[in-house]
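Participant: Below you'll find the structure I mean.
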Amino acid sequence: MIAGQESELILKLQQQIDASAGITFAEFMEQALYSPDDGYYTSKRTRIGKKGDFFTSSSVHSCFGQLIARQLEQMWRILGQDSFVVAEQGAGEGYLCLDILDALEKDFPEFYARLEYRLIELSPDNRHRQKQLLKSHLAAGRILWCELEDLKDMQGCIISNELIDAFPVHLIEKHAGELQEVYVVNGENGFAEELRPVSTALINEYFQRIGIEPAAGNRCEVNLAACDWMQRVAAVLGRGFVLTIDYGFLAEELYAPYRHTGTLLCYHQHQTNENPYQRVGLQDITAHVDFTSLQAVGCQYGLETLYFGQQYQFLMGLGFLEMLMEMECRETDPQKAQALRMNLKTLILPEGGMGESFKVLVQGKNISAPELLCAKRIQDIKIPPGSF
């Protein structure tokens with residue numbers, strides 16, 4: 001963008017703000033991320049990987065998808081080894097889908113032959129990248145693109161990996177015992193904020209559901225879109241599972257009094273900042289997920305929580321350690337083996353990794369309470385000396 005010029009997206013937002021005398025931050029965030037053609041997720045750009053703005057677990061190593069494939073195969077057996085749909089929403093460039101299907105084709109060919117993988121993708125740019133990456137599985141008839149509502153009465157598993165953290169959020173503060181909401185207005189030097197009464201009673205209902213409110217003077221995020229999404233997911237799933245992977249907390253920790261400014265973060269070229277009003281449409285905007293709300297809404301609409309834990313627990317239960325050791329044994333170059341080990345540890349380490357910040361939620365509908373592979377206790381995993 002030439003210095004002094006405003007992008008089309010910024011001009012569009014300014015006009016929307018003028019026409020409405022201010023918009024909620026959730027409306028601003030939705031346009032910044034998903035405005036047709038020039039939103040962060042809808043425009044043509046590299047978002048994931050070294051040349052992008054952030055990494056995801058599936059971009060770290062293919063073993064992430066390989067381990068999830070093991071869990072999906074068990075889910076297929078639990079449901080009777082009949083036809084099975086895996087529906088992934090927000091699949092990015094398609095690497096998790098590729099790794100899962102590659103693993104199933106190699107290790108579980110019978111399941112692969114009965115599998116239909118559905119991709120729910122609103123970004124034309126991502127859809128194009130997915131079609132290029134997934135050519136072999138597309139040719140094998142395993143992949144289709146659809147809308148969420150097209151999956152009505154599906155049997156299988158609905159997957160999301162780092163989807164919900166990018167849903168638009170309402171910014172809320174509590175002052176003088178009352179909840180107030182951040183509105184975005186046009187100021188002299190660009191976008192500015194004003195506190196106003198909350199835009200919808202759903203925000204008050206949200207806090208009533210989780211039994212917590214922000215502390216006086218604190219700012220926090222309310223992801224009403226996540227609640228709506230969970231309700232829609234529950235409605236389309238006939239029988240099966242919902243597998244949600246994202247960074248976040250239970251409500252007690254997410255809205256703890258010490259969390260004064262909330263969790264809203266922006267990502268640009270692997271650097272974080274807390275200013276969503278710069279680089280509008282050119283940087284990612286995210287907020288941590290409230291897993292208490294996801295479970296509460298899911299339960300309300302027929303989804304039973306089967307598993308909730310940190311990502312390292314989930315991956316270890318599925319055989320992460322055994323897979324790491326097997327890969328190391330196959331690597332004859334010691335330096336490459338060490339690099340592999342350090343790369344894979346990113347998925348499970350707490351400090352500087354994804355092991356604790358990312359959580360995994362598995363919910364079930366119209367099934368019993370099966371003992372999932374991922375629920376294997378850490379103390380039951382035999383760890384050879386010197387493995388870590």
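Residue names in the structure tokens use chain letters A, B, ... in the order shown, residue numbers from 1 in each chain, and ligand numbers from 1 in the order shown.
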Enumerate the residues of region 114-287 of chain A with a DSSP assignment of helix (DSSP H, G or I), computed from the backbone, and present them as a ChimeraX atom specification.
Facilitator: /A:124-133,135-139,148-151,164-166,201-210,224-236,251-254
Participant: I want to know what sits within 6 Å of region 169-176 of chain A, based on only C-alpha atoms, with residues of the same chain fewer than 6 positions away left out; could you give that as a ChimeraX atom specification?
Facilitator: /A:25-26,182,216-223
Participant: Which residues are close to Val236 (chain A), i.e. within 8 Å by only C-alpha atoms, leaving aside same-chain residues fewer than 2 positions away? Reply as number ranges by chain.
Facilitator: A: 148-149, 151-154, 232-234, 238
Participant: Between CA of Leu303 (chain A) and CA of Leu254 (chain A), measure the distance and give it in Å to one decimal.
Facilitator: 22.4 Å
Participant: Could you pull the residues within 7 Å of Gln66 (chain A), counting only C-alpha atoms, minus those fewer than 2 positions along the same chain, as a PyMOL selection string?
Facilitator: chain A and resi 62-64+68-70+99-100+103
Participant: Return the single residue from A:Tyr267, A:Tyr40, A:Tyr117, A:Tyr277 that is closest to Trp145 (chain A), with distances computed using only C-alpha atoms.
Facilitator: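 Of A:Tyr267, A:Tyr40, A:Tyr117, A:Tyr277, the one nearest Trp145 (chain A) is A:Tyr117, counting only C-alpha atoms.
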Participant: Excluding same-chain residues fewer than 4 positions from Ala287 (chain A), what lies within 9 Å of it counting only C-alpha atoms, as a PDB file with N, CA and C atoms, in the first residue's frame?
Facilitator:
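So result-v1.pdb came out as:
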ATOM      1  N   ILE A 164     -11.568 -22.045  15.751  1.00  0.00           N
ATOM      2  CA  ILE A 164     -12.424 -21.216  16.597  1.00  0.00           C
ATOM      3  C   ILE A 164     -11.698 -19.983  17.111  1.00  0.00           C
ATOM      4  N   ASP A 165     -10.376 -20.054  17.281  1.00  0.00           N
ATOM      5  CA  ASP A 165      -9.632 -18.901  17.783  1.00  0.00           C
ATOM      6  C   ASP A 165      -9.695 -17.710  16.836  1.00  0.00           C
ATOM      7  N   ALA A 166     -10.060 -17.947  15.576  1.00  0.00           N
ATOM      8  CA  ALA A 166     -10.147 -16.867  14.592  1.00  0.00           C
ATOM      9  C   ALA A 166     -11.591 -16.449  14.314  1.00  0.00           C
ATOM     10  N   PHE A 167     -12.544 -16.917  15.121  1.00  0.00           N
ATOM     11  CA  PHE A 167     -13.907 -16.407  15.015  1.00  0.00           C
ATOM     12  C   PHE A 167     -13.954 -14.993  15.606  1.00  0.00           C
ATOM     13  N   PRO A 168     -14.783 -14.118  15.061  1.00  0.00           N
ATOM     14  CA  PRO A 168     -14.895 -12.753  15.618  1.00  0.00           C
ATOM     15  C   PRO A 168     -15.367 -12.778  17.072  1.00  0.00           C
ATOM     16  N   VAL A 169     -14.770 -11.943  17.903  1.00  0.00           N
ATOM     17  CA  VAL A 169     -15.117 -11.898  19.326  1.00  0.00           C
ATOM     18  C   VAL A 169     -15.614 -10.509  19.721  1.00  0.00           C
ATOM     19  N   GLU A 221     -12.699 -11.352  26.102  1.00  0.00           N
ATOM     20  CA  GLU A 221     -13.362 -11.648  24.834  1.00  0.00           C
ATOM     21  C   GLU A 221     -14.532 -12.592  25.063  1.00  0.00           C
ATOM     22  N   ASN A 223     -16.815 -15.073  22.673  1.00  0.00           N
ATOM     23  CA  ASN A 223     -16.896 -15.657  21.337  1.00  0.00           C
ATOM     24  C   ASN A 223     -18.283 -16.275  21.136  1.00  0.00           C
ATOM     25  N   TYR A 247      -5.979 -23.392  20.847  1.00  0.00           N
ATOM     26  CA  TYR A 247      -5.389 -22.907  22.079  1.00  0.00           C
ATOM     27  C   TYR A 247      -6.459 -22.163  22.873  1.00  0.00           C
ATOM     28  N   GLY A 248      -6.448 -22.388  24.170  1.00  0.00           N
ATOM     29  CA  GLY A 248      -7.465 -21.801  25.016  1.00  0.00           C
ATOM     30  C   GLY A 248      -7.435 -22.390  26.409  1.00  0.00           C
ATOM     31  N   GLY A 262      -7.239  -9.546  28.686  1.00  0.00           N
ATOM     32  CA  GLY A 262      -7.751 -10.584  27.796  1.00  0.00           C
ATOM     33  C   GLY A 262      -6.645 -11.303  27.061  1.00  0.00           C
ATOM     34  N   THR A 263      -6.998 -11.931  25.949  1.00  0.00           N
ATOM     35  CA  THR A 263      -6.038 -12.765  25.213  1.00  0.00           C
ATOM     36  C   THR A 263      -5.922 -12.382  23.741  1.00  0.00           C
ATOM     37  N   LEU A 264      -6.544 -11.295  23.322  1.00  0.00           N
ATOM     38  CA  LEU A 264      -6.523 -10.916  21.909  1.00  0.00           C
ATOM     39  C   LEU A 264      -5.090 -10.667  21.437  1.00  0.00           C
ATOM     40  N   LEU A 265      -4.701 -11.316  20.328  1.00  0.00           N
ATOM     41  CA  LEU A 265      -3.370 -11.155  19.764  1.00  0.00           C
ATOM     42  C   LEU A 265      -3.452 -11.091  18.241  1.00  0.00           C
ATOM     43  N   CYS A 266      -2.503 -10.389  17.653  1.00  0.00           N
ATOM     44  CA  CYS A 266      -2.383 -10.309  16.201  1.00  0.00           C
ATOM     45  C   CYS A 266      -1.045 -10.922  15.790  1.00  0.00           C
TER      46      CYS A 266
END
Participant: Within 12 Å of Glu105 (chain A), counting only C-alpha atoms, which residues qualify if same-chain residues fewer than 6 places away don't, as a PyMOL selection string?
Facilitator: chain A and resi 66+69-70+73+98-99+111-115+136-137+140+142
Participant: I'd like the interatomic distance between CA of Leu163 (chain A) and CA of Leu373 (chain A), to a tenth of an Å.
Facilitator: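 Atom-to-atom, CA of Leu163 (chain A) and CA of Leu373 (chain A) are spaced 23.5 Å apart.
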